[in-house]
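What follows is a short report on a single structure.
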Amino acid sequence: MVLATGGTIAGAAGSDVQAGYASGLVGVEELLAAVPQARKLATLRGEQISNIGSQDMNDEVWLKLAHRVNELVAMADVDGVVITHGTDTIEETGYFLNLVVKSRKPVVMTASMRPSTALSADGPLNFFNAVAVAADPDAAGRGVLVVINDWIHGARALTKTSTTAVQTFLSPLQGMIGTVAYGAAEFYRLPVGRHTTESEFSLDGANALPRVDIIMAHENMDGVLINAAAAAGARGVVVAGVGNGNMTASALDALAALARKGIVAVRSTRVTTGRVSRNVEVDDDQLGLIASGELSPHKARVLLRLALLTPRTPADVQRLFHEY
Ligand code: ASP
């Protein structure tokens, strides 16, 4: 099954060499028709979930997509799912699905950096490779995968590293899951962290997700935006800290005050790689804060939103950041 959500892979421009384009113009049937080679790998059926640039990704689409993927993977005649998506937020959607899809069947996301009309468009081969991986029995049990530019990434590990380059996605700390060349996949490892069938999260009965805001730390930071998040109804706040999840003393005071009120306060980092660990320069035990481990601020936010579907102690939320 191919579920299309939009993105540059479904984007089009007025000419093949112009930088400006619009995401989400090409429908799933057109996308399938553009890569007839993929039909030699699997029997394909397409469904349009949305057709948006992934900068517009939202909870309505997330819930619809997650529910549909779970329905499809439960069907005996579906062997795998390919999801086309924009690159801007694929790591968030991928990690979300990694935590809520209940199946070992391959769920493979793909995207492109160049629109379908571009000179040397990267979408068709990415799509072909994604279908090949979804049809490969070796892809099973590895969580939600992202196939792009010949590499197979785990949804938890990958991150976008360039605004425009075709080779934008890396899995810097954990390494990639494998490679795929013209449909021939090689798998190197299993992903780190609990996922899919081993995940304790469930969307059964959920038709909304709690609000969690991300605030970026910087020189001379105060607590104004941290307090504004709480005033806007955030049940959790993630600070994209400097270095090992650090921030100014006044920002830390504001964050600790939120934690005392029961708003879950997570320290992550604006740095691209590396862990945020407990009690290094900040006394998390005393202030009641959570350290994000390896999760980027945007992935920490995804985990925290799912965590907050159930009442939990800070210690239990910290456990989730260790296990997922
Ligand atoms: N803005 C686009 C999107 O995320 C970028 C892309 O797909 O490469 O939908």
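Just so we're on the same page: first chain in the structure tokens is A, next is B, and so on; residues restart at 1 for each chain, and ligands are numbered from 1 in the order they show up.
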
For A:Glu186, find every residue with an atom within 10 Å (counting only C-alpha atoms), except residues of its own chain fewer than 6 positions away, and show them as an mmCIF file with C-alpha atoms, in the first residue's frame.
data_model
loop_
_atom_site.group_PDB
_atom_site.id
_atom_site.type_symbol
_atom_site.label_atom_id
_atom_site.label_comp_id
_atom_site.auth_asym_id
_atom_site.auth_seq_id
_atom_site.Cartn_x
_atom_site.Cartn_y
_atom_site.Cartn_z
ATOM 1 C CA VAL A 133 12.528 -2.197 1.010
ATOM 2 C CA ASP A 138 14.329 -8.584 5.893
ATOM 3 C CA ALA A 139 12.859 -5.130 6.560
ATOM 4 C CA TRP A 151 20.251 4.826 2.502
ATOM 5 C CA ILE A 152 17.869 3.123 4.906
ATOM 6 C CA ILE A 177 19.991 0.557 9.163
ATOM 7 C CA GLY A 178 21.196 -0.354 5.687
ATOM 8 C CA THR A 179 21.609 0.656 2.080
ATOM 9 C CA VAL A 180 19.545 0.113 -1.044
#

Env. residues ligand 1 / 8 Å / only C-alpha atoms and all ligand atoms / as a PyMOL selection string: chain A and resi 6-9+11+23-24+52-56+85-90+111-115+164

task: List every residue of stretch 117-205 of chain A that DSSP, applied to the backbone of this structure, assigns to strand (DSSP E), and report them as number ranges by chain.
output: A: 145-148, 151-154, 159-160, 169-170, 178-181, 184-187

Selected residues written out, all heavy atoms, as a compact mmCIF listing (two decimals), in the first residue's frame:
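Result saved to out27.txt:
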# COMPACT_ATOMS: atom_id res chain seq x y z
N LEU A 145 10.97 2.77 8.89
CA LEU A 145 12.21 3.09 8.17
C LEU A 145 11.99 4.28 7.25
O LEU A 145 10.87 4.52 6.80
CB LEU A 145 12.65 1.87 7.34
CG LEU A 145 12.93 0.59 8.15
CD1 LEU A 145 13.18 -0.59 7.22
CD2 LEU A 145 14.11 0.79 9.10
N VAL A 146 13.07 5.00 6.99
CA VAL A 146 13.03 6.10 6.01
C VAL A 146 14.08 5.79 4.95
O VAL A 146 15.26 5.65 5.26
CB VAL A 146 13.30 7.46 6.68
CG1 VAL A 146 13.34 8.56 5.63
CG2 VAL A 146 12.23 7.76 7.74
N VAL A 147 13.62 5.64 3.71
CA VAL A 147 14.53 5.33 2.60
C VAL A 147 14.69 6.57 1.75
O VAL A 147 13.72 7.09 1.21
CB VAL A 147 13.95 4.16 1.77
CG1 VAL A 147 14.73 3.99 0.47
CG2 VAL A 147 14.00 2.87 2.58
N ILE A 148 15.91 7.05 1.66
CA ILE A 148 16.16 8.25 0.86
C ILE A 148 17.62 8.28 0.44
O ILE A 148 18.51 7.95 1.23
CB ILE A 148 15.74 9.53 1.63
CG1 ILE A 148 15.82 10.76 0.72
CG2 ILE A 148 16.48 9.72 2.94
CD1 ILE A 148 14.96 11.92 1.17
N TRP A 151 20.00 5.25 1.13
CA TRP A 151 20.25 4.83 2.50
C TRP A 151 18.94 4.50 3.21
O TRP A 151 17.91 5.14 2.96
CB TRP A 151 20.99 5.91 3.29
CG TRP A 151 22.44 6.05 2.89
CD1 TRP A 151 23.09 5.37 1.88
CD2 TRP A 151 23.41 6.92 3.48
NE1 TRP A 151 24.40 5.77 1.83
CE2 TRP A 151 24.63 6.71 2.79
CE3 TRP A 151 23.37 7.85 4.51
CZ2 TRP A 151 25.80 7.39 3.12
CZ3 TRP A 151 24.53 8.54 4.85
CH2 TRP A 151 25.73 8.30 4.15
N ILE A 152 19.03 3.52 4.10
CA ILE A 152 17.87 3.12 4.91
C ILE A 152 18.15 3.57 6.34
O ILE A 152 19.11 3.11 6.97
CB ILE A 152 17.67 1.59 4.88
CG1 ILE A 152 17.61 1.06 3.43
CG2 ILE A 152 16.42 1.20 5.66
CD1 ILE A 152 17.70 -0.46 3.33
N HIS A 153 17.30 4.48 6.83
CA HIS A 153 17.48 5.01 8.18
C HIS A 153 16.38 4.50 9.11
O HIS A 153 15.25 4.25 8.67
CB HIS A 153 17.37 6.54 8.18
CG HIS A 153 18.40 7.22 7.33
ND1 HIS A 153 19.64 7.57 7.81
CD2 HIS A 153 18.36 7.62 6.03
CE1 HIS A 153 20.34 8.18 6.85
NE2 HIS A 153 19.58 8.21 5.76
N GLY A 154 16.69 4.41 10.39
CA GLY A 154 15.66 4.19 11.39
C GLY A 154 15.01 5.52 11.72
O GLY A 154 15.68 6.57 11.76
N THR A 159 18.20 12.42 10.93
CA THR A 159 17.95 13.86 11.05
C THR A 159 18.33 14.55 9.74
O THR A 159 19.25 14.12 9.05
CB THR A 159 18.72 14.45 12.26
OG1 THR A 159 18.29 15.79 12.45
CG2 THR A 159 20.22 14.42 12.08
N LYS A 160 17.57 15.60 9.42
CA LYS A 160 17.85 16.37 8.21
C LYS A 160 19.01 17.31 8.51
O LYS A 160 18.98 18.04 9.51
CB LYS A 160 16.59 17.16 7.82
CG LYS A 160 16.67 17.83 6.46
CD LYS A 160 15.33 18.48 6.06
CE LYS A 160 15.41 19.02 4.65
NZ LYS A 160 14.15 19.63 4.20
N PHE A 169 19.91 13.56 4.68
CA PHE A 169 19.58 12.77 5.88
C PHE A 169 20.76 11.91 6.34
O PHE A 169 21.36 11.18 5.55
CB PHE A 169 18.35 11.89 5.64
CG PHE A 169 17.09 12.70 5.70
CD1 PHE A 169 16.46 13.10 4.55
CD2 PHE A 169 16.58 13.10 6.92
CE1 PHE A 169 15.32 13.89 4.60
CE2 PHE A 169 15.43 13.89 6.98
CZ PHE A 169 14.81 14.28 5.82
N LEU A 170 21.05 12.02 7.62
CA LEU A 170 22.09 11.21 8.26
C LEU A 170 21.49 10.61 9.53
O LEU A 170 20.50 11.12 10.06
CB LEU A 170 23.29 12.07 8.65
CG LEU A 170 24.02 12.82 7.52
CD1 LEU A 170 25.12 13.70 8.11
CD2 LEU A 170 24.61 11.84 6.50
N GLY A 178 20.70 0.38 6.84
CA GLY A 178 21.20 -0.35 5.69
C GLY A 178 21.31 0.55 4.47
O GLY A 178 21.20 1.77 4.58
N THR A 179 21.53 -0.09 3.34
CA THR A 179 21.61 0.66 2.08
C THR A 179 20.70 -0.03 1.06
O THR A 179 20.35 -1.20 1.23
CB THR A 179 23.05 0.66 1.51
OG1 THR A 179 23.45 -0.68 1.29
CG2 THR A 179 24.02 1.36 2.44
N VAL A 180 20.35 0.71 0.03
CA VAL A 180 19.55 0.11 -1.04
C VAL A 180 20.00 0.73 -2.37
O VAL A 180 20.02 1.95 -2.51
CB VAL A 180 18.02 0.26 -0.77
CG1 VAL A 180 17.61 1.69 -0.47
CG2 VAL A 180 17.19 -0.32 -1.91
N ALA A 181 20.39 -0.12 -3.28
CA ALA A 181 20.88 0.35 -4.59
C ALA A 181 20.00 -0.24 -5.67
O ALA A 181 19.96 -1.46 -5.85
CB ALA A 181 22.33 -0.08 -4.78
N ALA A 184 18.06 -3.19 -4.50
CA ALA A 184 18.73 -4.28 -3.78
C ALA A 184 19.14 -3.77 -2.39
O ALA A 184 20.04 -2.93 -2.27
CB ALA A 184 19.95 -4.76 -4.54
N ALA A 185 18.47 -4.28 -1.36
CA ALA A 185 18.71 -3.78 0.00
C ALA A 185 19.69 -4.65 0.76
O ALA A 185 19.72 -5.87 0.60
CB ALA A 185 17.39 -3.71 0.75
N GLU A 186 20.50 -4.00 1.59
CA GLU A 186 21.40 -4.68 2.54
C GLU A 186 21.07 -4.11 3.90
O GLU A 186 21.03 -2.89 4.07
CB GLU A 186 22.86 -4.30 2.27
CG GLU A 186 23.44 -4.81 0.99
CD GLU A 186 23.96 -6.23 1.13
OE1 GLU A 186 24.09 -6.69 2.29
OE2 GLU A 186 24.17 -6.87 0.10
N PHE A 187 20.87 -4.97 4.88
CA PHE A 187 20.56 -4.49 6.24
C PHE A 187 21.75 -4.73 7.16
O PHE A 187 22.32 -5.83 7.17
CB PHE A 187 19.31 -5.20 6.77
CG PHE A 187 18.07 -4.82 6.01
CD1 PHE A 187 17.65 -5.57 4.92
CD2 PHE A 187 17.35 -3.69 6.35
CE1 PHE A 187 16.53 -5.21 4.19
CE2 PHE A 187 16.23 -3.31 5.63
CZ PHE A 187 15.81 -4.08 4.55

- prompt: Can you list, as an MDAnalysis selection string, every protein, DNA or RNA residue that comes within 12 Å of stretch 241-246 of chain A when you count only C-alpha atoms, leaving out same-chain residues fewer than 3 positions away?
  reply: chainID A and resid 214:221 237:238 249:252 255 265:284 289:297

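Interatomic distance, atom CA of A:Val212 to atom CA of A:Gly236: 4.6 Å.
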
- prompt: Near A:Ala38, within 8 Å and counting only C-alpha atoms, which residues show up once chain neighbours fewer than 5 positions away are dropped, as a ChimeraX atom specification?
  reply: /A:32,127-128,131-132

DSSP helix (DSSP H, G or I) residues within stretch 56-145 of chain A, listed as an MDAnalysis selection string: chainID A and resid 56 59:73 90:100 123:134 137:139

Go ahead and save the picked residues with N, CA and C atoms, as a compact mmCIF listing (two decimals), in the first residue's frame.
# COMPACT_ATOMS: atom_id res chain seq x y z
N ASP A 56 3.40 21.87 6.94
CA ASP A 56 2.02 22.02 7.41
C ASP A 56 1.51 20.76 8.11
N ASP A 59 -1.81 17.42 13.60
CA ASP A 59 -2.31 16.26 14.36
C ASP A 59 -3.43 15.53 13.62
N GLU A 60 -4.24 16.29 12.89
CA GLU A 60 -5.35 15.64 12.17
C GLU A 60 -4.79 14.63 11.17
N VAL A 61 -3.78 15.05 10.41
CA VAL A 61 -3.18 14.14 9.42
C VAL A 61 -2.45 13.01 10.15
N TRP A 62 -1.72 13.33 11.22
CA TRP A 62 -0.99 12.30 11.97
C TRP A 62 -1.93 11.19 12.45
N LEU A 63 -3.05 11.59 13.03
CA LEU A 63 -3.96 10.58 13.60
C LEU A 63 -4.60 9.77 12.48
N LYS A 64 -4.97 10.45 11.40
CA LYS A 64 -5.57 9.73 10.26
C LYS A 64 -4.56 8.73 9.69
N LEU A 65 -3.32 9.19 9.52
CA LEU A 65 -2.27 8.33 8.96
C LEU A 65 -1.98 7.14 9.87
N ALA A 66 -1.84 7.40 11.16
CA ALA A 66 -1.50 6.32 12.09
C ALA A 66 -2.63 5.29 12.15
N HIS A 67 -3.87 5.76 12.21
CA HIS A 67 -4.99 4.83 12.26
C HIS A 67 -5.05 3.99 10.97
N ARG A 68 -4.82 4.66 9.83
CA ARG A 68 -4.89 3.93 8.55
C ARG A 68 -3.75 2.91 8.43
N VAL A 69 -2.55 3.30 8.84
CA VAL A 69 -1.44 2.34 8.78
C VAL A 69 -1.76 1.13 9.65
N ASN A 70 -2.28 1.37 10.85
CA ASN A 70 -2.60 0.23 11.73
C ASN A 70 -3.69 -0.66 11.14
N GLU A 71 -4.67 -0.05 10.47
CA GLU A 71 -5.69 -0.87 9.80
C GLU A 71 -5.06 -1.72 8.70
N LEU A 72 -4.21 -1.09 7.90
CA LEU A 72 -3.63 -1.78 6.74
C LEU A 72 -2.71 -2.91 7.16
N VAL A 73 -1.85 -2.67 8.13
CA VAL A 73 -0.88 -3.72 8.51
C VAL A 73 -1.57 -4.89 9.18
N ILE A 90 9.67 14.80 8.19
CA ILE A 90 9.59 13.33 8.08
C ILE A 90 10.14 12.67 9.34
N GLU A 91 11.12 13.33 9.99
CA GLU A 91 11.69 12.68 11.18
C GLU A 91 10.69 12.69 12.34
N GLU A 92 9.84 13.70 12.39
CA GLU A 92 8.82 13.71 13.45
C GLU A 92 7.72 12.69 13.17
N THR A 93 7.19 12.71 11.94
CA THR A 93 6.13 11.75 11.60
C THR A 93 6.67 10.32 11.71
N GLY A 94 7.90 10.12 11.25
CA GLY A 94 8.49 8.78 11.30
C GLY A 94 8.62 8.28 12.73
N TYR A 95 9.09 9.14 13.62
CA TYR A 95 9.28 8.72 15.01
C TYR A 95 7.91 8.49 15.68
N PHE A 96 6.95 9.34 15.35
CA PHE A 96 5.58 9.16 15.87
C PHE A 96 5.04 7.79 15.46
N LEU A 97 5.14 7.46 14.17
CA LEU A 97 4.63 6.16 13.69
C LEU A 97 5.41 5.01 14.31
N ASN A 98 6.71 5.21 14.50
CA ASN A 98 7.57 4.18 15.10
C ASN A 98 7.06 3.79 16.50
N LEU A 99 6.40 4.74 17.15
CA LEU A 99 5.92 4.50 18.52
C LEU A 99 4.48 4.00 18.57
N VAL A 100 3.72 4.17 17.48
CA VAL A 100 2.28 3.83 17.57
C VAL A 100 1.81 2.77 16.57
N GLY A 123 13.03 11.94 -6.58
CA GLY A 123 11.86 11.23 -6.08
C GLY A 123 11.64 9.84 -6.68
N PRO A 124 11.71 9.68 -8.01
CA PRO A 124 11.38 8.37 -8.59
C PRO A 124 12.25 7.23 -8.06
N LEU A 125 13.57 7.42 -7.99
CA LEU A 125 14.42 6.33 -7.49
C LEU A 125 14.20 6.12 -5.98
N ASN A 126 13.99 7.21 -5.25
CA ASN A 126 13.69 7.04 -3.82
C ASN A 126 12.42 6.21 -3.64
N PHE A 127 11.41 6.50 -4.45
CA PHE A 127 10.16 5.76 -4.34
C PHE A 127 10.37 4.29 -4.71
N PHE A 128 11.08 4.06 -5.80
CA PHE A 128 11.38 2.68 -6.23
C PHE A 128 12.10 1.93 -5.10
N ASN A 129 13.10 2.55 -4.52
CA ASN A 129 13.85 1.90 -3.44
C ASN A 129 12.98 1.67 -2.20
N ALA A 130 12.09 2.61 -1.92
CA ALA A 130 11.20 2.45 -0.75
C ALA A 130 10.28 1.26 -0.95
N VAL A 131 9.75 1.10 -2.18
CA VAL A 131 8.89 -0.06 -2.46
C VAL A 131 9.71 -1.35 -2.32
N ALA A 132 10.95 -1.33 -2.82
CA ALA A 132 11.80 -2.53 -2.71
C ALA A 132 12.02 -2.90 -1.24
N VAL A 133 12.27 -1.91 -0.41
CA VAL A 133 12.53 -2.20 1.01
C VAL A 133 11.24 -2.69 1.68
N ALA A 134 10.11 -2.06 1.36
CA ALA A 134 8.84 -2.49 1.97
C ALA A 134 8.47 -3.90 1.55
N PRO A 137 11.34 -9.06 2.95
CA PRO A 137 11.03 -9.64 4.27
C PRO A 137 12.06 -9.27 5.33
N ASP A 138 13.29 -8.97 4.92
CA ASP A 138 14.33 -8.58 5.89
C ASP A 138 14.07 -7.23 6.55
N ALA A 139 13.17 -6.45 5.97
CA ALA A 139 12.86 -5.13 6.56
C ALA A 139 11.94 -5.27 7.77

- request: Please identify all polymer residues within 8 Å of stretch 227-232 of chain A, counting only C-alpha atoms, omitting same-chain residues fewer than 5 positions from it, and present them as a ChimeraX atom specification.
  value: /A:213,237,254,258,263

Can you tell me, as a CSV table (one decimal) with C-alpha atoms, in the first residue's frame, what residues are no more than 7 Å from A:Ile49 when counting only C-alpha atoms, ignoring any on the same chain fewer than 2 positions away?
chain,number,residue,atom,x,y,z
A,3,LEU,CA,-0.1,6.3,1.3
A,4,ALA,CA,0.7,9.7,0.0
A,5,THR,CA,0.8,12.8,2.2
A,47,GLU,CA,-4.3,6.1,-1.2
A,65,LEU,CA,-2.3,8.3,9.0

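Atom to atom, atom CA of A:Val108 and atom CA of A:Leu309 stand 25.8 Å apart.
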